[in-house]
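> Just dropping this structure here.
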Amino acid sequence: MSRLAPRPQPDRPGERTAAPPSAELPRGAAALPLPLPPPLPHEDPITRLPLLVLYPHSRCNCRCLMCDIWRDRGKRELAAADVARWLPEWRRLGVERVVLSGGEALLHTELWRLCDLLRGAGIGITLLSTGLLLARDAARLVAVCDDVVVSLDGPRQVHDLIRNVPRAFDRLAAGVGAVRAAGVAAVRAAGGTGTRISGRCTVQRANFHALRATVAAARDVGLERLSFLAADVTSEAFNRPGGWDRESAAEVALREEDLEPLAAELAALAREHAADFASGFLAESPRKLERRLLQHFAALLGRAGFAPNACNAPWVSAVIETDGTVRPCFFQPPLGKLHAGGGEAGGGAAGDGEDSGSLAAILNSPSAIAWRRGLDVARDAICRRCVCSLCLRRGEAAGRIGESGDVVEGGDVVEGDEGGGMP
C-alpha cells in the first residue's frame with residue numbers, strides 16, 4: 001500500500017542471521033532475516049480487518065515533485081463525529097491499527113479528538129507526516145501515536161528541492177528533535193515504550209544519486225530507522241485522476257542513462273552501510289532495494305520485468321479517504337463510499353451500489369467479493385507496478401509497523417515482507 005505508510009516489518013532488528021555466501025550479495029551486505037509467520041490468508045467475505053488507512057485531511061503543506069495532492073486547494077476532513085459513529089464496526093472487524101495518511105494529517109482541526117477516539121477503542125496509531133508541523137504538535141503527538149513516519153527525500157538541499165518548501169529540511173529536523181524530547185519526557189513521567197520516529201525516502205530522478213547522503217541525513221536529524229521506495233508514476237493515486245501523462249512521469253522516473261549510476265549507488269550503499277543494514281536501521285536488505293528500486297525503474301523503461309508481488313492488502317486492510325471513499329488499497333479503484341452523518345454508501349468503480357452504508361457492507365458487497373476473487377496480484381497491471389505492496393502477517397498490525405512499511409508519498413504508506421507506502 002502508499003502515503004500507505006505505516007507498517008509491517010519486512011526486515012526487523014534482532015531477527016537477522018548470518019547470510020550464506022551468494023554471488024548476488026556484496027561483501028558486508030545485510031544478513032537474511034529468520035523465517036516469518038505466513039501471510040494472512042485471502043479470505044472472503046472479510047470478517048477481520050487488522051489495518052485501516054485514513055486520510056484525515058485532503059490538503060498537504062508541501063508541494064512535492066512526485067505528488068499532486070498539494071494541488072487540491074479544498075479543505076475536506078474526516079469528521080471526528082463520523083469516526084465515532086464508525087468505531088463500533090471497526091472494533092467488530094478487529095481493526096488493530098490505524099494509519100493516518102493523506103494529505104497532512106496534522107492539518108486536521110479535530111485530530112486530537114479523533115486520535116483519542118481511536119486510542120479509547122484500543123487501536124494503535126501510526127502517523128505519516130511531512131514533518132513540517134511536528135515541533136508545534138510534539139507533546140500532544142507522543143501522547144497518542146505509537147509511530148511517526150516522516151518523509152525524508154535527501155540531505156538538506158535535495159530535500160528542500162523535492163519538497164518545494166523553504167527550510168523544509170530544517171523544520172523537519174526541528175520537529176524530529178521535538179518529538180524525541182517529548183517522548184523521552186513522557187516515558188520518564190509515565191513509563192512505557194514511547195513514540196518511535198522513522199523516515200521514508202521516495203526515490204526518484206532528483207535524489208537517486210544521494211541514497212548514502214540520505215542515510216547520513218537520517219542519522220543527523222535523529223531518525224530511528226529509514227526505508228526507501230520508488231516514486232509512483234503510473235497510478236491515479238496522489239490526486240492524479242487519469243494518471244500522469246508521459247512528460248510528467250518522465251520528470252520523476254529514472255531515465256535509461258540513470259540506471260547504471262543507481263546500480264553503483266546501491267552497491268556503494270550496501271558496501272559502506274553494512275552495519276546499518278545488519279542493525280535494522282535500514283529497513284530493507286540490499287537485495288530488496290535492488291528489486292524495489294533498480295529493477296522497478298528498469299521495468300518502467302522496458303529493460304526488465306517487474307519484481308514478483310505478494311500482496312494481501314485487499315483482504316486485510318482498507319483505505320478511507322476524506323470524502324468517505326473506500327478503496328482496497330491506495331491504487332486500486334474504489335469499492336464504495338461511506339457518507340457522513342449516517343448516509344447510505346454508493347458503489348464506486350469496483351462497487352455495485354448495493355452497500356448499506358457500513359464498511360463491512362462495502363467490503364463484502366457482491367461486486368467487491370467478485371473483484372477480489374478475480375484479482376491476480378502477480379498479473380494485474382496496477383499490482384505489478386505497485387511501489388508499496390502489503391504482505392501483512394499474523395500479529396504484525398498490532399505492533400509498531402510505521403517505520404518499515406511502504407506507504408505513500410506525500411502521505412507516505414505501508415509495506416510488508418515482499419513490498420512496501422509514503423512520500
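By order in the C-alpha cells, chains are A, B, ...; within a chain, residues start at 1; ligands start at 1, following the order shown.
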Can you pull out every residue within 6 Å of Val99 of chain A, counting only C-alpha atoms, but drop anything in the same chain fewer than 5 positions away, and send it as a PyMOL selection string?
chain A and resi 6+53+125-127
> Within 9 Å of segment 135-139 of chain A, counting only C-alpha atoms, which residues show up once you throw out same-chain ones fewer than 4 positions away? Write them as a list in words, please.
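Neighbouring residues, sequence-local ones excluded: Leu106, Gly131, Ala143, Arg171, Leu172, Ala174, Gly175, Val176, Gly177, Ala178, Val179, Arg180, Ala181, Ala182, Gly183 and Ala186 of chain A.
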> Can I get the selection written as a CSV table (one decimal), in the first residue's frame, with C-alpha atoms?

```csv
chain,number,residue,atom,x,y,z
A,106,LEU,CA,-1.6,17.4,11.3
A,131,GLY,CA,7.3,16.7,9.4
A,143,ALA,CA,0.6,11.1,23.9
A,171,ARG,CA,11.8,22.3,10.0
A,172,LEU,CA,11.7,18.5,9.7
A,174,ALA,CA,13.5,20.5,14.5
A,175,GLY,CA,10.3,18.5,14.6
A,176,VAL,CA,12.0,15.2,14.9
A,177,GLY,CA,14.1,16.6,17.8
A,178,ALA,CA,10.9,17.9,19.5
A,179,VAL,CA,9.2,14.6,19.2
A,180,ARG,CA,12.2,12.7,20.6
A,181,ALA,CA,12.4,15.1,23.5
A,182,ALA,CA,8.7,15.0,24.2
A,183,GLY,CA,8.8,11.2,24.0
A,186,ALA,CA,6.6,11.2,28.6
```
> Would you mind telling me which residue in A:His42, A:Cys60, A:Arg212, A:Ser358 lies nearest to Asp376 of chain A when using only C-alpha atoms?
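Closest candidate: A:His42.
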> Report as a ChimeraX atom specification all protein, DNA and RNA residues lying within 12 Å of Glu43 of chain A, evaluated on only C-alpha atoms, omitting residues in the same chain fewer than 5 positions from it.
/A:48-49,312-317,363-364,369,372-373
> Counting only C-alpha atoms, which residue out of A:Asp380, A:Glu77, A:Glu290, A:Glu272 sits closest to Val215 of chain A?
A:Glu272
> According to DSSP computed on the backbone, where in segment 125-287 of chain A is there helix (DSSP H, G or I)? Give the residues as a PyMOL selection string.
chain A and resi 134-144+156-163+168-190+208-221+246-252+256-272+274-279+286-287
> When you draw a straight line from atom CA of Glu251 of chain A to atom CA of Leu134 of chain A, how long is it in Å?
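So the answer is 29.7 Å.
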> Within 6 Å of Arg200 of chain A, counting only C-alpha atoms, which residues show up once you throw out same-chain ones fewer than 3 positions away? Write them as a ChimeraX atom specification, please.
/A:151-152,226-228
> Suppose we keep C-alpha atoms; can you now write the selection as a compact mmCIF listing (two decimals), in the first residue's frame?

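That gives us selection-v5.txt:
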```
# COMPACT_ATOMS: atom_id res chain seq x y z
CA SER A 151 9.19 11.95 4.60
CA LEU A 152 12.93 12.44 4.11
CA LEU A 226 14.95 4.63 7.33
CA SER A 227 13.19 2.96 4.45
CA PHE A 228 13.27 3.52 0.69
```
> What does the distance from atom CA of Lys75 of chain A to atom CA of Leu229 of chain A come to in Å, to one decimal?
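Atom-to-atom, atom CA of Lys75 of chain A to atom CA of Leu229 of chain A, that is 28.3 Å.
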> As an NGL selection string, please: the residues near Ala231 of chain A (cut-off 6 Å, only C-alpha atoms, same-chain neighbours under 3 positions excluded).
:A and (202-204)
> Restrict the selected residues to C-alpha atoms and save them as an mmCIF file, in the first residue's frame.

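Contents of result-v4.cif, freshly written:
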```
data_model
loop_
_atom_site.group_PDB
_atom_site.id
_atom_site.type_symbol
_atom_site.label_atom_id
_atom_site.label_comp_id
_atom_site.auth_asym_id
_atom_site.auth_seq_id
_atom_site.Cartn_x
_atom_site.Cartn_y
_atom_site.Cartn_z
ATOM 1 C CA THR A 202 10.738 8.243 -2.057
ATOM 2 C CA VAL A 203 13.419 7.561 -4.653
ATOM 3 C CA GLN A 204 13.148 9.461 -7.929
#
```
> Could you tell me how far atom CA of Arg167 of chain A lies from atom CA of Arg205 of chain A, in Å and to one decimal?
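The value is 21.1 Å.
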> Select, from A:Val326, A:Val150, A:Ala216, A:Ala206, the residue with the minimum atom-to-atom distance to Ala368 of chain A, counting only C-alpha atoms.
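Between A:Val326, A:Val150, A:Ala216, A:Ala206, the residue approaching Ala368 of chain A most closely is A:Val326.
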> If we count only C-alpha atoms, what is near Ala298 of chain A at a cut-off of 12 Å, once residues fewer than 3 positions away on the same chain are taken out, given as a ChimeraX atom specification?
/A:230,253-260,262-263,290-295,301-307,385
> List the neighbours of Ala79 of chain A out to 10 Å using only C-alpha atoms; skip same-chain residues closer than 6 positions along the sequence, and give me the result as an NGL selection string.
:A and (56-57 or 85 or 108-111 or 113-114 or 322-323 or 340-341)
> For the residues selected in the previous step, produce a file with all heavy atoms as an mmCIF file, in the first residue's frame.

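Heads up, here's the output in selection_11.cif:
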```
data_model
loop_
_atom_site.group_PDB
_atom_site.id
_atom_site.type_symbol
_atom_site.label_atom_id
_atom_site.label_comp_id
_atom_site.auth_asym_id
_atom_site.auth_seq_id
_atom_site.Cartn_x
_atom_site.Cartn_y
_atom_site.Cartn_z
ATOM 1 N N PRO A 56 -7.195 11.781 6.971
ATOM 2 C CA PRO A 56 -7.967 12.728 7.789
ATOM 3 C C PRO A 56 -8.197 14.066 7.104
ATOM 4 O O PRO A 56 -9.235 14.695 7.317
ATOM 5 C CB PRO A 56 -7.097 12.903 9.043
ATOM 6 C CG PRO A 56 -6.204 11.707 9.061
ATOM 7 C CD PRO A 56 -5.947 11.396 7.619
ATOM 8 N N HIS A 57 -7.223 14.540 6.303
ATOM 9 C CA HIS A 57 -7.316 15.881 5.706
ATOM 10 C C HIS A 57 -6.883 15.811 4.243
ATOM 11 O O HIS A 57 -5.951 15.090 3.895
ATOM 12 C CB HIS A 57 -6.417 16.855 6.468
ATOM 13 C CG HIS A 57 -6.746 18.303 6.253
ATOM 14 N ND1 HIS A 57 -6.389 18.997 5.122
ATOM 15 C CD2 HIS A 57 -7.420 19.189 7.023
ATOM 16 C CE1 HIS A 57 -6.812 20.237 5.214
ATOM 17 N NE2 HIS A 57 -7.444 20.383 6.349
ATOM 18 N N ARG A 85 -18.895 7.337 15.097
ATOM 19 C CA ARG A 85 -20.038 6.526 14.659
ATOM 20 C C ARG A 85 -19.586 5.225 14.010
ATOM 21 O O ARG A 85 -20.243 4.194 14.137
ATOM 22 C CB ARG A 85 -20.884 7.354 13.684
ATOM 23 C CG ARG A 85 -22.122 6.672 13.165
ATOM 24 C CD ARG A 85 -23.028 7.672 12.455
ATOM 25 N NE ARG A 85 -22.293 8.409 11.438
ATOM 26 C CZ ARG A 85 -22.069 7.952 10.212
ATOM 27 N NH1 ARG A 85 -22.500 6.757 9.879
ATOM 28 N NH2 ARG A 85 -21.408 8.679 9.322
ATOM 29 N N HIS A 108 -5.536 18.613 10.302
ATOM 30 C CA HIS A 108 -6.912 18.318 10.708
ATOM 31 C C HIS A 108 -7.290 19.130 11.945
ATOM 32 O O HIS A 108 -6.543 19.185 12.929
ATOM 33 C CB HIS A 108 -7.045 16.825 11.002
ATOM 34 C CG HIS A 108 -8.447 16.328 11.086
ATOM 35 N ND1 HIS A 108 -9.266 16.566 12.153
ATOM 36 C CD2 HIS A 108 -9.181 15.597 10.211
ATOM 37 C CE1 HIS A 108 -10.441 15.997 11.950
ATOM 38 N NE2 HIS A 108 -10.421 15.399 10.760
ATOM 39 N N THR A 109 -8.458 19.749 11.909
ATOM 40 C CA THR A 109 -8.867 20.636 13.012
ATOM 41 C C THR A 109 -9.299 19.875 14.259
ATOM 42 O O THR A 109 -9.356 20.465 15.343
ATOM 43 C CB THR A 109 -10.008 21.556 12.562
ATOM 44 O OG1 THR A 109 -11.114 20.772 12.121
ATOM 45 C CG2 THR A 109 -9.549 22.471 11.429
ATOM 46 N N GLU A 110 -9.638 18.590 14.129
ATOM 47 C CA GLU A 110 -10.065 17.791 15.284
ATOM 48 C C GLU A 110 -9.183 16.554 15.452
ATOM 49 O O GLU A 110 -9.648 15.532 15.962
ATOM 50 C CB GLU A 110 -11.515 17.337 15.108
ATOM 51 C CG GLU A 110 -12.562 18.429 15.086
ATOM 52 C CD GLU A 110 -13.965 17.852 15.005
ATOM 53 O OE1 GLU A 110 -14.265 17.188 13.989
ATOM 54 O OE2 GLU A 110 -14.739 18.034 15.948
ATOM 55 N N LEU A 111 -7.943 16.661 15.066
ATOM 56 C CA LEU A 111 -7.094 15.469 15.041
ATOM 57 C C LEU A 111 -6.975 14.808 16.409
ATOM 58 O O LEU A 111 -7.038 13.582 16.521
ATOM 59 C CB LEU A 111 -5.700 15.823 14.522
ATOM 60 C CG LEU A 111 -4.737 14.636 14.421
ATOM 61 C CD1 LEU A 111 -5.233 13.614 13.408
ATOM 62 C CD2 LEU A 111 -3.338 15.107 14.061
ATOM 63 N N ARG A 113 -8.995 14.862 18.988
ATOM 64 C CA ARG A 113 -10.232 14.167 19.370
ATOM 65 C C ARG A 113 -10.342 12.855 18.601
ATOM 66 O O ARG A 113 -10.718 11.818 19.162
ATOM 67 C CB ARG A 113 -11.449 15.042 19.078
ATOM 68 C CG ARG A 113 -12.768 14.394 19.508
ATOM 69 C CD ARG A 113 -13.975 15.204 19.138
ATOM 70 N NE ARG A 113 -15.190 14.457 19.397
ATOM 71 C CZ ARG A 113 -16.314 14.569 18.723
ATOM 72 N NH1 ARG A 113 -16.387 15.448 17.726
ATOM 73 N NH2 ARG A 113 -17.367 13.852 19.023
ATOM 74 N N LEU A 114 -10.016 12.888 17.329
ATOM 75 C CA LEU A 114 -10.056 11.680 16.515
ATOM 76 C C LEU A 114 -9.101 10.625 17.078
ATOM 77 O O LEU A 114 -9.453 9.452 17.209
ATOM 78 C CB LEU A 114 -9.697 12.043 15.074
ATOM 79 C CG LEU A 114 -9.868 10.997 13.975
ATOM 80 C CD1 LEU A 114 -10.082 11.699 12.628
ATOM 81 C CD2 LEU A 114 -8.657 10.078 13.882
ATOM 82 N N THR A 322 -10.923 11.240 2.556
ATOM 83 C CA THR A 322 -11.595 12.309 3.292
ATOM 84 C C THR A 322 -13.071 12.433 2.955
ATOM 85 O O THR A 322 -13.857 12.902 3.778
ATOM 86 C CB THR A 322 -10.911 13.663 3.016
ATOM 87 O OG1 THR A 322 -10.834 13.867 1.604
ATOM 88 C CG2 THR A 322 -9.519 13.693 3.604
ATOM 89 N N ASP A 323 -13.474 12.040 1.756
ATOM 90 C CA ASP A 323 -14.891 12.131 1.373
ATOM 91 C C ASP A 323 -15.643 10.836 1.633
ATOM 92 O O ASP A 323 -16.796 10.689 1.224
ATOM 93 C CB ASP A 323 -15.024 12.526 -0.098
ATOM 94 C CG ASP A 323 -14.447 11.482 -1.047
ATOM 95 O OD1 ASP A 323 -13.821 10.505 -0.560
ATOM 96 O OD2 ASP A 323 -14.615 11.639 -2.271
ATOM 97 N N ALA A 340 -20.999 10.772 5.306
ATOM 98 C CA ALA A 340 -21.009 11.379 6.632
ATOM 99 C C ALA A 340 -22.429 11.459 7.150
ATOM 100 O O ALA A 340 -23.392 11.579 6.397
ATOM 101 C CB ALA A 340 -20.391 12.770 6.585
ATOM 102 N N GLY A 341 -22.558 11.405 8.470
ATOM 103 C CA GLY A 341 -23.871 11.583 9.083
ATOM 104 C C GLY A 341 -24.800 10.414 8.927
ATOM 105 O O GLY A 341 -26.013 10.540 9.051
#
```
> Let's see if you can do this: from backbone DSSP, list all strand (DSSP E) residues in segment 19-243 of chain A, as a PyMOL selection string.
chain A and resi 51-54+97-100+124-129+147-151+196-203+226-230
> Compare A:Leu54, A:Ala249, A:Leu133, A:Leu335 by their minimum atom-to-atom distance to Thr234 of chain A, counting only C-alpha atoms, and give me the closest one.
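So, comparing all the options, the nearest one is A:Ala249.
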